[in-house]
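This is entry-v8.cif (mmCIF, C-alpha atoms and all ligand atoms).
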```
data_model
#
loop_
_atom_site.group_PDB
_atom_site.id
_atom_site.type_symbol
_atom_site.label_atom_id
_atom_site.label_comp_id
_atom_site.auth_asym_id
_atom_site.auth_seq_id
_atom_site.Cartn_x
_atom_site.Cartn_y
_atom_site.Cartn_z
ATOM 1 C CA MET A 3 -14.085 -28.214 33.309
ATOM 2 C CA SER A 4 -10.309 -28.540 33.012
ATOM 3 C CA SER A 5 -8.418 -26.277 30.635
ATOM 4 C CA ARG A 6 -7.063 -27.524 27.344
ATOM 5 C CA PHE A 7 -4.723 -24.631 26.809
ATOM 6 C CA ALA A 8 -3.089 -21.927 28.891
ATOM 7 C CA LEU A 9 -0.746 -19.083 28.206
ATOM 8 C CA MET A 10 0.946 -16.591 30.461
ATOM 9 C CA ILE A 11 1.090 -12.998 29.272
ATOM 10 C CA ASP A 12 3.932 -10.694 30.167
ATOM 11 C CA PRO A 13 2.012 -7.494 31.002
ATOM 12 C CA ALA A 14 5.280 -5.621 31.570
ATOM 13 C CA GLU A 15 5.679 -5.713 27.799
ATOM 14 C CA SER A 16 2.304 -4.163 27.200
ATOM 15 C CA VAL A 17 3.358 -0.542 27.129
ATOM 16 C CA ASP A 18 5.729 -0.682 24.178
ATOM 17 C CA ASP A 19 4.655 0.113 20.622
ATOM 18 C CA ARG A 20 4.899 -3.350 19.118
ATOM 19 C CA THR A 21 2.071 -4.726 16.950
ATOM 20 C CA ASP A 22 2.917 -8.444 17.252
ATOM 21 C CA PHE A 23 2.765 -9.633 20.856
ATOM 22 C CA ALA A 24 3.634 -13.321 20.280
ATOM 23 C CA GLU A 25 6.922 -12.895 22.129
ATOM 24 C CA THR A 26 5.099 -11.728 25.239
ATOM 25 C CA PHE A 27 3.185 -15.039 25.489
ATOM 26 C CA THR A 28 4.432 -18.236 27.110
ATOM 27 C CA VAL A 29 2.324 -21.299 26.413
ATOM 28 C CA VAL A 30 2.236 -23.488 29.527
ATOM 29 C CA ASP A 31 0.979 -26.983 30.317
ATOM 30 C CA PRO A 32 -2.619 -26.338 31.543
ATOM 31 C CA SER A 33 -2.429 -29.295 33.931
ATOM 32 C CA ALA A 34 0.898 -28.294 35.519
ATOM 33 C CA PRO A 35 1.414 -25.729 38.314
ATOM 34 C CA ALA A 36 2.096 -22.283 36.852
ATOM 35 C CA LEU A 37 1.571 -19.722 39.631
ATOM 36 C CA ASN A 38 3.913 -18.514 42.349
ATOM 37 C CA VAL A 39 2.664 -19.440 45.853
ATOM 38 C CA SER A 40 2.834 -15.726 46.751
ATOM 39 C CA GLU A 41 0.302 -14.790 44.040
ATOM 40 C CA LEU A 42 -2.177 -12.225 45.351
ATOM 41 C CA SER A 43 -4.895 -13.649 43.105
ATOM 42 C CA THR A 44 -4.885 -16.897 45.044
ATOM 43 C CA GLN A 45 -4.051 -15.369 48.445
ATOM 44 C CA ARG A 46 -6.527 -12.490 48.351
ATOM 45 C CA GLY A 47 -8.638 -12.789 45.230
ATOM 46 C CA ASP A 48 -6.947 -9.543 44.239
ATOM 47 C CA GLY A 49 -7.423 -9.375 40.508
ATOM 48 C CA ILE A 50 -10.004 -9.308 37.745
ATOM 49 C CA PHE A 51 -11.245 -11.695 35.089
ATOM 50 C CA GLU A 52 -13.485 -12.246 32.081
ATOM 51 C CA SER A 53 -15.158 -15.408 30.735
ATOM 52 C CA ILE A 54 -15.717 -15.342 26.983
ATOM 53 C CA GLY A 55 -17.963 -17.807 25.167
ATOM 54 C CA VAL A 56 -16.504 -19.514 22.097
ATOM 55 C CA VAL A 57 -18.671 -21.107 19.413
ATOM 56 C CA ASP A 58 -17.054 -23.263 16.731
ATOM 57 C CA GLY A 59 -13.771 -21.419 16.976
ATOM 58 C CA HIS A 60 -15.221 -17.914 17.222
ATOM 59 C CA ALA A 61 -14.726 -15.914 20.439
ATOM 60 C CA GLN A 62 -17.955 -13.982 21.076
ATOM 61 C CA GLU A 63 -18.090 -10.264 21.873
ATOM 62 C CA THR A 64 -14.336 -9.920 22.352
ATOM 63 C CA ARG A 65 -14.464 -6.139 22.282
ATOM 64 C CA ALA A 66 -17.171 -5.887 24.955
ATOM 65 C CA HIS A 67 -15.220 -8.260 27.219
ATOM 66 C CA LEU A 68 -11.984 -6.307 26.727
ATOM 67 C CA ASP A 69 -13.831 -3.051 27.458
ATOM 68 C CA ARG A 70 -15.166 -4.527 30.698
ATOM 69 C CA LEU A 71 -11.694 -5.872 31.602
ATOM 70 C CA ALA A 72 -10.350 -2.320 31.181
ATOM 71 C CA HIS A 73 -13.223 -0.921 33.284
ATOM 72 C CA SER A 74 -12.552 -3.461 36.066
ATOM 73 C CA ALA A 75 -8.808 -2.687 35.920
ATOM 74 C CA ASP A 76 -9.590 0.990 36.313
ATOM 75 C CA LEU A 77 -11.870 0.393 39.330
ATOM 76 C CA CYS A 78 -9.211 -1.844 40.938
ATOM 77 C CA ASP A 79 -6.219 0.464 40.253
ATOM 78 C CA LEU A 80 -4.593 -2.168 38.045
ATOM 79 C CA PRO A 81 -2.575 -1.075 34.986
ATOM 80 C CA ALA A 82 -4.760 -0.626 31.899
ATOM 81 C CA PRO A 83 -4.656 -3.844 29.853
ATOM 82 C CA ASN A 84 -3.118 -3.481 26.390
ATOM 83 C CA THR A 85 -6.174 -4.321 24.295
ATOM 84 C CA GLU A 86 -4.247 -5.493 21.244
ATOM 85 C CA GLN A 87 -2.023 -7.774 23.322
ATOM 86 C CA TRP A 88 -5.069 -9.402 24.959
ATOM 87 C CA ARG A 89 -6.863 -9.657 21.608
ATOM 88 C CA GLN A 90 -3.926 -11.603 20.179
ATOM 89 C CA ALA A 91 -3.819 -13.845 23.265
ATOM 90 C CA ILE A 92 -7.554 -14.551 22.831
ATOM 91 C CA ALA A 93 -6.990 -15.415 19.155
ATOM 92 C CA LEU A 94 -4.270 -17.909 20.104
ATOM 93 C CA ALA A 95 -6.428 -19.473 22.810
ATOM 94 C CA THR A 96 -9.471 -19.632 20.512
ATOM 95 C CA ALA A 97 -7.538 -21.825 18.096
ATOM 96 C CA HIS A 98 -7.313 -24.409 20.910
ATOM 97 C CA THR A 99 -10.968 -24.594 21.920
ATOM 98 C CA GLY A 100 -11.956 -27.106 19.231
ATOM 99 C CA PRO A 101 -15.436 -27.417 17.686
ATOM 100 C CA GLY A 102 -18.630 -26.753 19.642
ATOM 101 C CA GLU A 103 -18.848 -24.479 22.646
ATOM 102 C CA GLY A 104 -15.858 -23.378 24.651
ATOM 103 C CA VAL A 105 -14.857 -20.821 27.228
ATOM 104 C CA ILE A 106 -11.837 -18.567 27.349
ATOM 105 C CA LYS A 107 -10.871 -16.945 30.632
ATOM 106 C CA LEU A 108 -8.775 -13.810 30.908
ATOM 107 C CA ILE A 109 -7.172 -13.209 34.305
ATOM 108 C CA LEU A 110 -5.268 -10.137 35.407
ATOM 109 C CA SER A 111 -3.985 -10.340 38.973
ATOM 110 C CA ARG A 112 -2.217 -7.855 41.241
ATOM 111 C CA GLY A 113 0.752 -10.231 40.887
ATOM 112 C CA VAL A 114 3.158 -11.721 43.372
ATOM 113 C CA GLU A 115 3.270 -10.105 46.825
ATOM 114 C CA HIS A 116 5.826 -7.276 46.730
ATOM 115 C CA GLY A 117 6.450 -8.224 43.103
ATOM 116 C CA PRO A 118 7.161 -5.761 40.361
ATOM 117 C CA ALA A 119 4.236 -6.409 37.990
ATOM 118 C CA PRO A 120 0.774 -7.953 37.657
ATOM 119 C CA THR A 121 0.393 -11.566 36.589
ATOM 120 C CA ALA A 122 -1.786 -12.229 33.555
ATOM 121 C CA TRP A 123 -2.923 -15.385 31.855
ATOM 122 C CA VAL A 124 -5.490 -16.831 29.481
ATOM 123 C CA THR A 125 -7.032 -20.313 29.504
ATOM 124 C CA ALA A 126 -9.227 -22.161 27.033
ATOM 125 C CA ALA A 127 -11.534 -25.060 27.890
ATOM 126 C CA GLN A 128 -14.562 -26.889 26.536
ATOM 127 C CA ALA A 129 -17.817 -25.421 27.883
ATOM 128 C CA PRO A 130 -20.115 -27.565 30.035
ATOM 129 C CA ASP A 131 -23.331 -28.832 28.425
ATOM 130 C CA ASN A 132 -25.940 -26.158 29.228
ATOM 131 C CA THR A 133 -28.791 -27.654 27.209
ATOM 132 C CA ALA A 134 -30.964 -28.445 30.248
ATOM 133 C CA ALA A 135 -30.766 -24.906 31.672
ATOM 134 C CA ARG A 136 -31.510 -23.424 28.230
ATOM 135 C CA THR A 137 -34.487 -25.631 27.462
ATOM 136 C CA ARG A 138 -36.039 -26.833 30.746
ATOM 137 C CA GLY A 139 -35.181 -23.613 32.565
ATOM 138 C CA ILE A 140 -34.084 -22.888 36.104
ATOM 139 C CA ARG A 141 -35.646 -22.009 39.444
ATOM 140 C CA VAL A 142 -34.198 -19.087 41.348
ATOM 141 C CA VAL A 143 -34.533 -17.599 44.820
ATOM 142 C CA THR A 144 -34.008 -13.958 45.719
ATOM 143 C CA LEU A 145 -31.165 -13.371 48.173
ATOM 144 C CA ASP A 146 -30.377 -10.126 49.989
ATOM 145 C CA ARG A 147 -26.913 -8.952 48.952
ATOM 146 C CA GLY A 148 -26.665 -7.004 52.181
ATOM 147 C CA TYR A 149 -26.028 -3.588 50.594
ATOM 148 C CA ASP A 150 -28.494 -0.814 49.896
ATOM 149 C CA SER A 151 -28.674 1.093 46.599
ATOM 150 C CA GLY A 152 -26.431 3.833 47.958
ATOM 151 C CA ALA A 153 -23.529 1.468 48.680
ATOM 152 C CA PRO A 154 -21.657 1.766 45.341
ATOM 153 C CA ALA A 155 -21.436 5.570 45.650
ATOM 154 C CA ARG A 156 -20.862 5.583 49.407
ATOM 155 C CA ALA A 157 -18.279 2.793 49.414
ATOM 156 C CA PRO A 158 -16.588 2.465 45.985
ATOM 157 C CA TRP A 159 -13.896 0.269 47.560
ATOM 158 C CA LEU A 160 -16.463 -2.524 47.615
ATOM 159 C CA LEU A 161 -15.721 -2.722 43.843
ATOM 160 C CA LEU A 162 -19.335 -3.722 43.184
ATOM 161 C CA GLY A 163 -19.135 -2.855 39.461
ATOM 162 C CA ALA A 164 -15.848 -4.696 38.829
ATOM 163 C CA LYS A 165 -15.532 -8.328 37.762
ATOM 164 C CA THR A 166 -13.035 -9.229 40.457
ATOM 165 C CA LEU A 167 -11.623 -12.641 41.282
ATOM 166 C CA SER A 168 -13.304 -12.443 44.710
ATOM 167 C CA TYR A 169 -16.240 -14.711 43.825
ATOM 168 C CA ALA A 170 -16.445 -16.637 47.125
ATOM 169 C CA VAL A 171 -19.609 -14.682 48.038
ATOM 170 C CA ASN A 172 -21.165 -15.380 44.618
ATOM 171 C CA MET A 173 -20.437 -19.108 44.970
ATOM 172 C CA ALA A 174 -21.858 -19.104 48.524
ATOM 173 C CA ALA A 175 -25.068 -17.556 47.167
ATOM 174 C CA ILE A 176 -25.437 -20.360 44.616
ATOM 175 C CA ARG A 177 -24.904 -22.956 47.369
ATOM 176 C CA GLU A 178 -27.568 -21.204 49.476
ATOM 177 C CA ALA A 179 -29.940 -21.238 46.482
ATOM 178 C CA LYS A 180 -29.374 -24.999 46.140
ATOM 179 C CA ARG A 181 -29.969 -25.533 49.854
ATOM 180 C CA ARG A 182 -33.332 -23.798 49.303
ATOM 181 C CA GLY A 183 -34.166 -26.192 46.463
ATOM 182 C CA ALA A 184 -33.428 -23.786 43.572
ATOM 183 C CA ASP A 185 -30.759 -23.770 40.867
ATOM 184 C CA ASP A 186 -29.582 -20.187 41.115
ATOM 185 C CA ALA A 187 -30.152 -16.866 42.828
ATOM 186 C CA ILE A 188 -31.110 -13.282 42.080
ATOM 187 C CA PHE A 189 -29.412 -10.795 44.378
ATOM 188 C CA VAL A 190 -31.591 -7.957 45.629
ATOM 189 C CA SER A 191 -30.460 -4.828 47.471
ATOM 190 C CA SER A 192 -31.308 -4.453 51.157
ATOM 191 C CA ASP A 193 -33.629 -1.565 50.215
ATOM 192 C CA GLY A 194 -35.600 -3.776 47.843
ATOM 193 C CA PHE A 195 -34.285 -3.554 44.262
ATOM 194 C CA VAL A 196 -33.389 -6.314 41.827
ATOM 195 C CA LEU A 197 -29.647 -6.514 41.047
ATOM 196 C CA GLU A 198 -28.091 -9.488 39.210
ATOM 197 C CA ALA A 199 -27.444 -13.196 39.632
ATOM 198 C CA PRO A 200 -24.125 -14.430 41.085
ATOM 199 C CA THR A 201 -22.833 -15.224 37.579
ATOM 200 C CA ALA A 202 -25.440 -13.724 35.223
ATOM 201 C CA SER A 203 -27.568 -10.698 34.384
ATOM 202 C CA VAL A 204 -31.337 -10.626 34.843
ATOM 203 C CA ILE A 205 -33.755 -9.793 32.004
ATOM 204 C CA LEU A 206 -37.459 -9.485 32.827
ATOM 205 C CA ARG A 207 -40.423 -9.156 30.486
ATOM 206 C CA PHE A 208 -43.354 -7.030 31.633
ATOM 207 C CA GLY A 209 -45.933 -7.165 28.851
ATOM 208 C CA ASP A 210 -44.103 -6.175 25.661
ATOM 209 C CA ARG A 211 -41.255 -4.491 27.509
ATOM 210 C CA PHE A 212 -37.928 -6.177 28.302
ATOM 211 C CA VAL A 213 -36.199 -4.652 31.302
ATOM 212 C CA THR A 214 -32.899 -5.106 33.108
ATOM 213 C CA PRO A 215 -31.596 -3.319 36.210
ATOM 214 C CA GLU A 216 -29.627 -0.165 35.479
ATOM 215 C CA PRO A 217 -25.893 -0.987 35.797
ATOM 216 C CA ALA A 218 -25.232 2.080 37.935
ATOM 217 C CA GLY A 219 -22.223 0.773 39.829
ATOM 218 C CA ALA A 220 -23.905 -1.956 41.897
ATOM 219 C CA ILE A 221 -23.769 -4.682 39.247
ATOM 220 C CA LEU A 222 -21.768 -5.755 36.206
ATOM 221 C CA HIS A 223 -22.922 -4.597 32.807
ATOM 222 C CA GLY A 224 -23.381 -7.992 31.152
ATOM 223 C CA THR A 225 -22.080 -8.448 27.619
ATOM 224 C CA THR A 226 -24.826 -11.020 26.909
ATOM 225 C CA GLN A 227 -27.558 -8.662 28.134
ATOM 226 C CA ILE A 228 -26.190 -5.838 25.954
ATOM 227 C CA SER A 229 -26.124 -8.148 22.930
ATOM 228 C CA LEU A 230 -29.628 -9.513 23.593
ATOM 229 C CA PHE A 231 -30.991 -5.986 23.933
ATOM 230 C CA ASP A 232 -29.513 -5.225 20.457
ATOM 231 C CA TYR A 233 -31.255 -8.335 19.149
ATOM 232 C CA LEU A 234 -34.571 -7.480 20.806
ATOM 233 C CA ARG A 235 -34.426 -3.868 19.606
ATOM 234 C CA ALA A 236 -33.694 -5.044 16.050
ATOM 235 C CA SER A 237 -36.708 -7.404 16.272
ATOM 236 C CA GLY A 238 -38.968 -4.464 17.165
ATOM 237 C CA HIS A 239 -39.222 -4.985 20.936
ATOM 238 C CA GLU A 240 -38.999 -2.280 23.561
ATOM 239 C CA VAL A 241 -36.008 -2.629 25.887
ATOM 240 C CA ALA A 242 -35.111 -0.541 28.930
ATOM 241 C CA TYR A 243 -32.723 -0.140 31.835
ATOM 242 C CA ASP A 244 -34.691 0.620 34.950
ATOM 243 C CA GLU A 245 -34.920 0.407 38.715
ATOM 244 C CA ILE A 246 -36.908 -2.747 39.394
ATOM 245 C CA ALA A 247 -38.425 -3.152 42.839
ATOM 246 C CA THR A 248 -38.148 -6.650 44.276
ATOM 247 C CA ALA A 249 -41.941 -6.560 44.785
ATOM 248 C CA ASP A 250 -42.361 -6.170 40.990
ATOM 249 C CA LEU A 251 -40.996 -9.698 40.485
ATOM 250 C CA ALA A 252 -44.521 -10.855 41.402
ATOM 251 C CA THR A 253 -45.836 -9.308 38.173
ATOM 252 C CA VAL A 254 -43.231 -10.409 35.594
ATOM 253 C CA ASP A 255 -44.513 -12.231 32.522
ATOM 254 C CA ALA A 256 -41.221 -13.977 31.771
ATOM 255 C CA ALA A 257 -37.639 -13.857 33.002
ATOM 256 C CA TRP A 258 -34.154 -15.053 32.056
ATOM 257 C CA LEU A 259 -30.677 -15.211 33.528
ATOM 258 C CA VAL A 260 -28.205 -14.468 30.746
ATOM 259 C CA SER A 261 -24.435 -14.882 30.660
ATOM 260 C CA SER A 262 -21.616 -15.579 28.231
ATOM 261 C CA VAL A 263 -21.342 -19.358 28.568
ATOM 262 C CA ARG A 264 -24.742 -20.625 29.816
ATOM 263 C CA LEU A 265 -26.369 -18.022 27.510
ATOM 264 C CA ALA A 266 -30.129 -17.488 28.052
ATOM 265 C CA ALA A 267 -31.614 -19.644 30.804
ATOM 266 C CA PRO A 268 -35.378 -19.112 31.133
ATOM 267 C CA ILE A 269 -36.647 -18.849 34.722
ATOM 268 C CA ARG A 270 -39.414 -21.294 35.748
ATOM 269 C CA GLY A 271 -39.890 -19.928 39.230
ATOM 270 C CA ILE A 272 -38.780 -17.071 41.460
ATOM 271 C CA ASP A 273 -39.194 -17.937 45.159
ATOM 272 C CA SER A 274 -42.804 -19.201 45.339
ATOM 273 C CA ILE A 275 -43.867 -17.519 42.067
ATOM 274 C CA GLU A 276 -44.331 -19.940 39.135
ATOM 275 C CA LEU A 277 -43.447 -18.622 35.676
ATOM 276 C CA ALA A 278 -44.270 -19.947 32.230
ATOM 277 C CA ILE A 279 -41.288 -20.468 29.942
ATOM 278 C CA ASP A 280 -41.497 -18.961 26.471
ATOM 279 C CA ALA A 281 -39.724 -21.822 24.697
ATOM 280 C CA GLY A 282 -39.877 -20.252 21.221
ATOM 281 C CA LEU A 283 -38.509 -16.886 22.280
ATOM 282 C CA THR A 284 -35.819 -18.497 24.433
ATOM 283 C CA ALA A 285 -34.736 -20.707 21.523
ATOM 284 C CA SER A 286 -34.497 -17.626 19.306
ATOM 285 C CA PHE A 287 -32.358 -15.900 21.975
ATOM 286 C CA ASN A 288 -29.996 -18.866 22.152
ATOM 287 C CA ASP A 289 -29.844 -19.297 18.361
ATOM 288 C CA TYR A 290 -28.835 -15.655 18.144
ATOM 289 C CA LEU A 291 -26.326 -15.961 21.003
ATOM 290 C CA LEU A 292 -24.780 -19.025 19.340
ATOM 291 C CA SER A 293 -24.329 -17.192 16.018
ATOM 292 C CA PRO A 294 -20.954 -15.464 15.477
ATOM 293 C CA ARG A 295 -21.003 -12.085 17.262
ATOM 294 C CA ASP A 296 -18.243 -9.479 17.428
HETATM 295 N N1 LIG A 301 -23.169 -10.478 36.586
HETATM 296 C C1 LIG A 301 -22.228 -11.238 37.199
HETATM 297 C C2 LIG A 301 -22.001 -11.079 38.664
HETATM 298 C C3 LIG A 301 -21.450 -12.142 36.452
HETATM 299 O O1 LIG A 301 -20.510 -12.859 37.057
HETATM 300 C C4 LIG A 301 -21.704 -12.273 35.070
HETATM 301 C C5 LIG A 301 -20.916 -13.192 34.252
HETATM 302 O O2 LIG A 301 -20.096 -13.929 34.718
HETATM 303 C C6 LIG A 301 -22.693 -11.498 34.478
HETATM 304 C C7 LIG A 301 -23.415 -10.602 35.260
HETATM 305 C C8 LIG A 301 -23.029 -11.626 33.020
HETATM 306 O O3 LIG A 301 -21.977 -11.116 32.245
HETATM 307 P P1 LIG A 301 -21.707 -11.625 30.768
HETATM 308 O O4 LIG A 301 -22.994 -11.606 30.055
HETATM 309 O O5 LIG A 301 -20.738 -10.649 30.231
HETATM 310 O O6 LIG A 301 -21.140 -13.011 30.887
#
```

What is this file in structure tokens?
Amino acid sequence: MSSRFALMIDPAESVDDRTDFAETFTVVDPSAPALNVSELSTQRGDGIFESIGVVDGHAQETRAHLDRLAHSADLCDLPAPNTEQWRQAIALATAHTGPGEGVIKLILSRGVEHGPAPTAWVTAAQAPDNTAARTRGIRVVTLDRGYDSGAPARAPWLLLGAKTLSYAVNMAAIREAKRRGADDAIFVSSDGFVLEAPTASVILRFGDRFVTPEPAGAILHGTTQISLFDYLRASGHEVAYDEIATADLATVDAAWLVSSVRLAAPIRGIDSIELAIDAGLTASFNDYLLSPRD
């Protein structure tokens, strides 16, 4: 989906004590080249990003996305983003998403090779139509991520808990899922625990209990999952973060992949296991996720 709007942010300005950051933004033509060929984001995937859902001109869960951007920056030794500057950039971009569903991307890169400062920009685009995934559901396959559960602590430089721009592996996993006749994948650890999807969190229902893998450094803490757990808790359901063995996928009663733009996609099958879709509950999830949320 091509962007409708793009603005570059001058992150060098982010440390001063101003309250209006308009002068640190440069609106650029979203269809024209804007990056230096020596950008480390494009050369090495060295940077971080966020994708924020927009519904009828309201950017969803801005605070949670900015918190995760700051967490990723910390893990990647990037300068801490100035939250107020990014919030104002999001507000400007939101005004250009139009009615219906949109997506705003925040990108913070290491910058130009040997350059003095990071490069930062924000884009706004219309969201793709996700109706089919939300209503008919998706089939997923489990794919070994190749790391065991000890990897995040043993090798923090793998940046497993950061939302980095290095998504080539995630995209390869989705292609592999499609080659195997599925729509998407669930990564599992090499020692047999459920992790996350390449672009979404996993929520599983076992009886009356809704469970997601503990975000203990190996996976992203999904803003949509956090929000849906608030919703489920408020509706009287039990929710929990837990270690989920891959073998336990055989006993799930229902499952979803959830993320900021596709929202809640019910899972119809995991590998050779067929699952019934709870259409009513899924519709209530997506109605909630499409309502304005801060
Ligand atoms: N896990 C991964 C690897 C992701 O890329 C994403 C979203 O892009 C998520 C989980 C879900 O995060 P959120 O709900 O904040 O979109």

Spatial neighbours of Ala278 of chain A, max dist 12 Å, only C-alpha atoms, sep filter under 5 positions, as a short mmCIF file (atom, residue, chain, number, x, y, z; two decimals) with C-alpha atoms, keeping the file's coordinate frame:
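Printed below is out-v8.cif as written:
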```
data_model
loop_
_atom_site.label_atom_id
_atom_site.label_comp_id
_atom_site.auth_asym_id
_atom_site.auth_seq_id
_atom_site.Cartn_x
_atom_site.Cartn_y
_atom_site.Cartn_z
CA ARG A 138 -36.04 -26.83 30.75
CA GLY A 139 -35.18 -23.61 32.56
CA ILE A 140 -34.08 -22.89 36.10
CA ARG A 141 -35.65 -22.01 39.44
CA ARG A 207 -40.42 -9.16 30.49
CA VAL A 254 -43.23 -10.41 35.59
CA ASP A 255 -44.51 -12.23 32.52
CA ALA A 256 -41.22 -13.98 31.77
CA ALA A 257 -37.64 -13.86 33.00
CA TRP A 258 -34.15 -15.05 32.06
CA PRO A 268 -35.38 -19.11 31.13
CA ILE A 269 -36.65 -18.85 34.72
CA ARG A 270 -39.41 -21.29 35.75
CA GLY A 271 -39.89 -19.93 39.23
CA ILE A 272 -38.78 -17.07 41.46
CA LEU A 283 -38.51 -16.89 22.28
CA THR A 284 -35.82 -18.50 24.43
#
```

Can you tell me which residues sit at most 8 Å away from ligand LIG 301 (chain A), counting all atoms listed in the file, written as a list in words? Glu52, Ser53, Ile54, Ala66, His67, Lys165, Asn172, Glu198, Ala199, Pro200, Thr201, Ala202, Ser203, Val204, Ile221, Leu222, His223, Gly224, Thr225, Thr226, Gln227, Ile228, Val260, Ser261, Ser262, Val263 and Leu265 of chain A

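Shortest separation to Pro13 of chain A among A:Ala285, A:Val39, A:Ala119, A:Leu167 occurs at residue A:Ala119, atoms counted being all atoms listed in the file.
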
Report as a ChimeraX atom specification the full result of the PyMOL selection byres (((chain A and resi 9) around 8) and not hetatm) when it is applied to this structure. /A:7-8,10-11,27-30,91,95,123-125

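Minimum atom-to-atom distance to Arg182 of chain A, evaluated using all atoms listed in the file, belongs to A:Thr144 out of A:Ile109, A:Val114, A:Ala122, A:Thr144.
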
Picked residues, the PyMOL selection byres (((chain A and resi 251) around 12) and not hetatm), as a PyMOL selection string: chain A and resi 142-144+188+190+194-197+204-208+213-214+245-250+252-257+269+271-277

For this file, the PyMOL selection byres (((chain A and resi 132) around 9) and not hetatm) selects which residues, as a ChimeraX atom specification? /A:129-131,133-137,263-265,267

So that I can see what lies close to Arg112 of chain A, please list as a PyMOL selection string the residues with an atom at most 10 Å from it, counting only C-alpha atoms and leaving out residues fewer than 2 positions away in the same chain. chain A and resi 41-43+46-50+75+78-81+110+114-122

With distances taken over all atoms listed in the file, which of A:Arg156, A:Arg211, A:Arg70, A:His60 is nearest to Gly100 of chain A? A:His60

Please, what distance in Å, to one decimal, runs between atom CA of Asp185 of chain A and atom CA of Met173 of chain A?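 The value is 12.0 Å.
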
For the point (-3.7, -1.5, 24.4) in the file's frame, write as a ChimeraX atom specification all residues with an atom no more than 10 Å away, counting only C-alpha atoms. /A:16-19,21,68,72,82-89

Atomic separation - atom CA of Ile279 of chain A relative to atom CA of Ala184 of chain A, Å: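 Spanning atom CA of Ala184 of chain A to atom CA of Ile279 of chain A is a straight-line distance of 16.1 Å.
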
Work out how far apart atom CA of Ala34 of chain A and atom CA of Gln62 of chain A are and give it in Å to one decimal.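 Distance between the two atoms: 27.7 Å.
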
Out of A:Ala174, A:Ala164, A:Ile106, A:Ala127, which residue has the shortest atom-to-atom distance to Glu63 of chain A when counting all atoms listed in the file?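 Once distances to Glu63 of chain A are computed over all atoms listed in the file, the minimum belongs to A:Ile106.
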
If we count all atoms listed in the file and set the cut-off at 10 Å, which residues sit around Asp58 of chain A, ignoring sequence neighbours fewer than 2 positions away in its own chain? Please answer as a VMD selection string. chain A and resid 56 60 to 61 96 to 97 99 to 104 292 to 294

Top pick for closest residue to Ala170 of chain A, considering A:Ala153, A:Thr44, A:Ala236, A:Ala266 and counting all atoms listed in the file: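 Checking each of A:Ala153, A:Thr44, A:Ala236, A:Ala266 against Ala170 of chain A, counting all atoms listed in the file, the winner is A:Thr44.
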
Find, counting all atoms listed in the file, the residue in A:Ala24, A:Ala218, A:Ala281, A:Ile176 that gets nearest to Gly152 of chain A. A:Ala218
